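Scroll down for the structure; my scribbles are underneath it.
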Amino acid sequence: MSDWDGLPLRDDLRGLSPYGAPQLDVPYRLNTNENPYPPSPELVAALTAACSEAAASLNRYPDRDAVALREDLAGYLSAESAVPGQRVDVGQVWAANGSNEILQQLCQAFGGPGRTGLAFEPTYSMHGLIALATATGWVRGERDADFRVDPAAARAAIAEHEPSLVFLCSPNNPTGTALDLETIREIHDTATGIVVVDEAYAEFRRAGVPSAVTLLPECPRLVVTRTMSKAFAFAGARVGYLAAAPKIVDALQLVRLPYHLSALTQAAARVALAHRDELLASVEALRVQRDRLLEELPALGCPAVASDANFVLFQVPGDQGRVWKSLLEQGVLVRDVGLAGWLRVTAGTAEEMDAFLSELGSLMKSTRIGAA
Ligand SMILES: *Cc1c(COP(=O)(O)O)cnc(C)c1O
């Protein structure tokens with residue numbers, strides 16, 4: 001923690017520490033749900049060519065409205081997430097530097113002092129932290145024992161707190177659980193504010209699990225956020241986006257910084273979208289490894305939560321911090337999300353999963369952990 005003495009820092013920020021998972025140089029980095037597959041040489045060449053072309057006019061500001069990129073994203077969402085006959089239009093899509101910036105713009109436009117956001121924990125901690133940074137009040141609802149959102153409990157929390165923003169995460173980080181559309185629709189119809197469904201992991205959902213994008217025609221205050229950081233293996237480029245009613249996209253224009261999305265980012269993202277078949281091919285391989293984790297973790301004595309994402313939350317005996325540290329000593333970095341008795345692991349390559357399962361298996365057999 002820093003010493004803020006003498007600085008006119010906001011009172012509500014004093015004493016806080018910056019958020020961030022450890023970025024450690026270890027052989028197996030399974031703690032931030034990144035996609036383990038780097039871009040192919042062909043994709044690197046295409047990205048380089050596009051950035052080179054964009055570089056020739058870097059004396060000019062980029063397209064402030066990122067129209068070409070938003071058109072590509074709308075086309076992608078129409079194909080990936082919509083129901084037959086439903087089209088996502090460019091006016092319903094907005095893009096920014098990661099979905100975290102999208103979430104921040106939503107809080108800036110619809111939250112702020114005197115207003116409240118509501119989420120159901122355990123869930124993505126950045127929702128609360130972005131609310132904090134935008135001086136939006138924060139209320140913590142709870143998920144049930146199966147990490148689902150109980151519609152009756154949600155209705156009660158909404159009636160009590162009248163949130164301007166409700167944050168739902170589906171598939172939920174860190175539990176991997178997806179919400180059913182009926183629950184989302186019910187929460188939308190109960191709330192008077194904006195209902196955000198963070199679908200950062202949507203592409204990893206199991207067959208038959210629909211996206212909340214399909215609810216957009218009937219839910220005018222629904223916002224579905226997405227990212228290219230996970231399934232698209234594009235975390236380093238920082239591209240996130242949303243789909244919502246055009247009115248909501250218009251409202252965000254009031255708070256976005258002019259020219260927020262660089263010409264290089266826009267160009268690179270369009271190349272990645274044009275190569276989506278190649279990039280999304282990794283999704284199937286990662287689903288296989290996720291399902292393997294779900295099968296093999298219980299066999300090691302670590303019950304796991306069914307997941308629609310590229311990670312799995314699993315139970316460990318005793319203090320999860322100790323298990324986390326022991327794994328790290330063996331070069332395996334997983335995530336301690338602060339849930340007593342649980343750890344989260346990202347689905348990676350078969351080789352990474354071999355290493356993780358074998359190290360965890362040895363630990364579970366050792367007297368230090370397994371017999372504790
Ligand atoms: C990883 C993640 C994101 C991605 O954020 P970006 O800023 O797009 O990289 C968003 N929401 C959740 C729940 C995540 O786990």
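In the structure tokens, chains take letters A, B, ... by order of appearance, with residues numbered from 1 within each chain and ligands from 1 in the order shown.
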
Let me have all residues with an atom within 6 Å of ligand 1, counting only C-alpha atoms and all ligand atoms, laid out as a PyMOL selection string. chain A and resi 98-100+124+173+198+200+227+229+235+238-240

Residues within 12 Å of range 15-26 of chain A, only C-alpha atoms, excluding chain neighbours under 6 positions, as a list in words: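 Counting only the stated atoms, we get Met1, Ser2, Asp3, Trp4, Asp5, Leu9, Thr32, Asn33, Ser125, Met126, His127, Gly128, Leu129, Ile130, Leu132, Ala133, Leu327, Leu328, Glu329, Gln330, Gly331, Val332, Leu333, Val334, Arg335, Asp336, Val337, Gly338 and Glu352 of chain A.
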
If you run DSSP on the backbone, which residues of range 165-352 of chain A are helix (DSSP H, G or I), as a PyMOL selection string? chain A and resi 181-190+202-204+212-218+235-237+246-252+263-274+276-299+320-329+350-352

Return the single residue from A:Glu278, A:Asp189, A:Glu71, A:Asp12 that is closest to Pro220 in chain A, with distances computed using only C-alpha atoms.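 With only C-alpha atoms as the atom set, the closest residue is A:Asp189.
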
Quick one: DSSP strand (DSSP E) residues in range 223-295 of chain A, as a list in words? Val223, Val224, Thr225, Arg226, Thr227, Gly240, Tyr241, Leu242, Ala243 and Ala244 of chain A

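You can rank A:Arg256, A:Ala268, A:Glu162, A:Val93 by their closest distance to Gly114 in chain A using only C-alpha atoms, and at the top of that list sits A:Glu162.
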
Computed interatomic separation between CA of Asp65 in chain A and CA of Tyr259 in chain A (Å): 7.8 Å

CA of Gln86 in chain A to CA of Pro246 in chain A, straight-line distance in Å: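 Result for CA of Pro246 in chain A versus CA of Gln86 in chain A: 15.3 Å, one decimal.
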
Pick from A:Gln104, A:Thr175, A:Ser262, A:Asn35: nearest to Thr225 in chain A, with only C-alpha atoms counted?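 Between A:Gln104, A:Thr175, A:Ser262, A:Asn35, the residue approaching Thr225 in chain A most closely is A:Gln104.
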
With only C-alpha atoms as the counted atoms, please give the residues lying no more than 9 Å from Glu199 in chain A, apart from itself and same-chain residues fewer than 4 positions off, as a PyMOL selection string. chain A and resi 168-172+203+211-212+224-227

Given only C-alpha atoms as the counted atoms, nearest of A:Asp11, A:Glu34, A:Glu218, A:Glu295 to Ala135 in chain A: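 Nearest to Ala135 in chain A: A:Asp11.
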
Please provide the set of residues having any atom within 8 Å of Gly75 in chain A, restricted to only C-alpha atoms, with same-chain residues fewer than 4 positions apart removed, written as a PyMOL selection string. chain A and resi 71+79+88-89

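One distance worth recording is that between CA of Gly91 in chain A and CA of Pro113 in chain A, which is 28.6 Å.
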
Which residue out of A:Ala109, A:Cys302, A:Val312, A:Ala54 has the minimum interatomic distance to Val345 in chain A when only C-alpha atoms are used?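 Comparing A:Ala109, A:Cys302, A:Val312, A:Ala54 against Val345 in chain A, the winner is A:Val312.
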
Name the residues in contact with Gln289 in chain A at a cut-off of 8 Å, using only C-alpha atoms, excluding same-chain residues fewer than 2 positions from it; report them as a PyMOL selection string. chain A and resi 285-287+291-293+347-350+353

Can I get the selection written as a short mmCIF file (atom, residue, chain, number, x, y, z; two decimals), in the first residue's frame, with N, CA and C atoms?
```
data_model
loop_
_atom_site.label_atom_id
_atom_site.label_comp_id
_atom_site.auth_asym_id
_atom_site.auth_seq_id
_atom_site.Cartn_x
_atom_site.Cartn_y
_atom_site.Cartn_z
N ALA A 285 -10.93 -27.13 -28.77
CA ALA A 285 -9.86 -27.82 -28.04
C ALA A 285 -9.90 -27.47 -26.55
N LEU A 286 -10.20 -26.22 -26.24
CA LEU A 286 -10.23 -25.80 -24.83
C LEU A 286 -11.45 -26.37 -24.10
N ARG A 287 -12.57 -26.48 -24.85
CA ARG A 287 -13.74 -27.14 -24.25
C ARG A 287 -13.41 -28.58 -23.86
N ASP A 291 -13.65 -30.07 -20.12
CA ASP A 291 -14.45 -31.24 -19.74
C ASP A 291 -13.56 -32.32 -19.12
N ARG A 292 -12.32 -32.36 -19.57
CA ARG A 292 -11.37 -33.30 -18.95
C ARG A 292 -11.12 -32.90 -17.49
N LEU A 293 -10.95 -31.60 -17.22
CA LEU A 293 -10.78 -31.15 -15.83
C LEU A 293 -11.98 -31.55 -14.99
N ALA A 347 -8.53 -23.62 -18.34
CA ALA A 347 -8.30 -24.72 -19.28
C ALA A 347 -7.27 -24.27 -20.30
N GLY A 348 -6.21 -25.05 -20.45
CA GLY A 348 -5.14 -24.69 -21.38
C GLY A 348 -4.89 -25.80 -22.37
N THR A 349 -3.65 -25.92 -22.80
CA THR A 349 -3.30 -26.99 -23.72
C THR A 349 -3.30 -28.32 -22.97
N ALA A 350 -3.32 -29.43 -23.73
CA ALA A 350 -3.29 -30.76 -23.10
C ALA A 350 -2.05 -30.89 -22.22
N MET A 353 -2.50 -29.05 -18.99
CA MET A 353 -3.44 -29.75 -18.10
C MET A 353 -2.79 -31.00 -17.50
#
```

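If only C-alpha atoms are the atoms counted, then among A:Pro36, A:Pro317, A:Pro41, A:Gly85 the closest residue to Phe232 in chain A is A:Pro36.
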
Applying 8 Å and only C-alpha atoms, which residues near Gly193 in chain A remain after dropping the ones on its own chain fewer than 5 positions away? List them as a compact mmCIF listing (two decimals) with N, CA, C and O atoms, in the first residue's frame.
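Output contents, as saved in selection_0.txt:
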```
# COMPACT_ATOMS: atom_id res chain seq x y z
N GLU A 162 -33.32 -0.88 -5.49
CA GLU A 162 -33.63 -0.13 -6.71
C GLU A 162 -32.36 0.26 -7.48
O GLU A 162 -32.10 1.45 -7.71
N PRO A 163 -31.56 -0.72 -7.87
CA PRO A 163 -30.29 -0.42 -8.52
C PRO A 163 -30.47 0.22 -9.90
O PRO A 163 -31.40 -0.11 -10.63
N SER A 164 -29.56 1.14 -10.23
CA SER A 164 -29.52 1.70 -11.58
C SER A 164 -28.89 0.71 -12.55
O SER A 164 -29.13 0.78 -13.75
N LEU A 165 -28.05 -0.17 -12.00
CA LEU A 165 -27.37 -1.18 -12.82
C LEU A 165 -27.39 -2.51 -12.09
O LEU A 165 -27.07 -2.57 -10.90
N VAL A 166 -27.78 -3.56 -12.79
CA VAL A 166 -27.64 -4.92 -12.25
C VAL A 166 -26.59 -5.63 -13.10
O VAL A 166 -26.68 -5.60 -14.33
N ARG A 221 -33.69 -2.66 -21.86
CA ARG A 221 -32.63 -2.15 -20.98
C ARG A 221 -31.53 -3.18 -20.74
O ARG A 221 -30.71 -3.04 -19.85
```
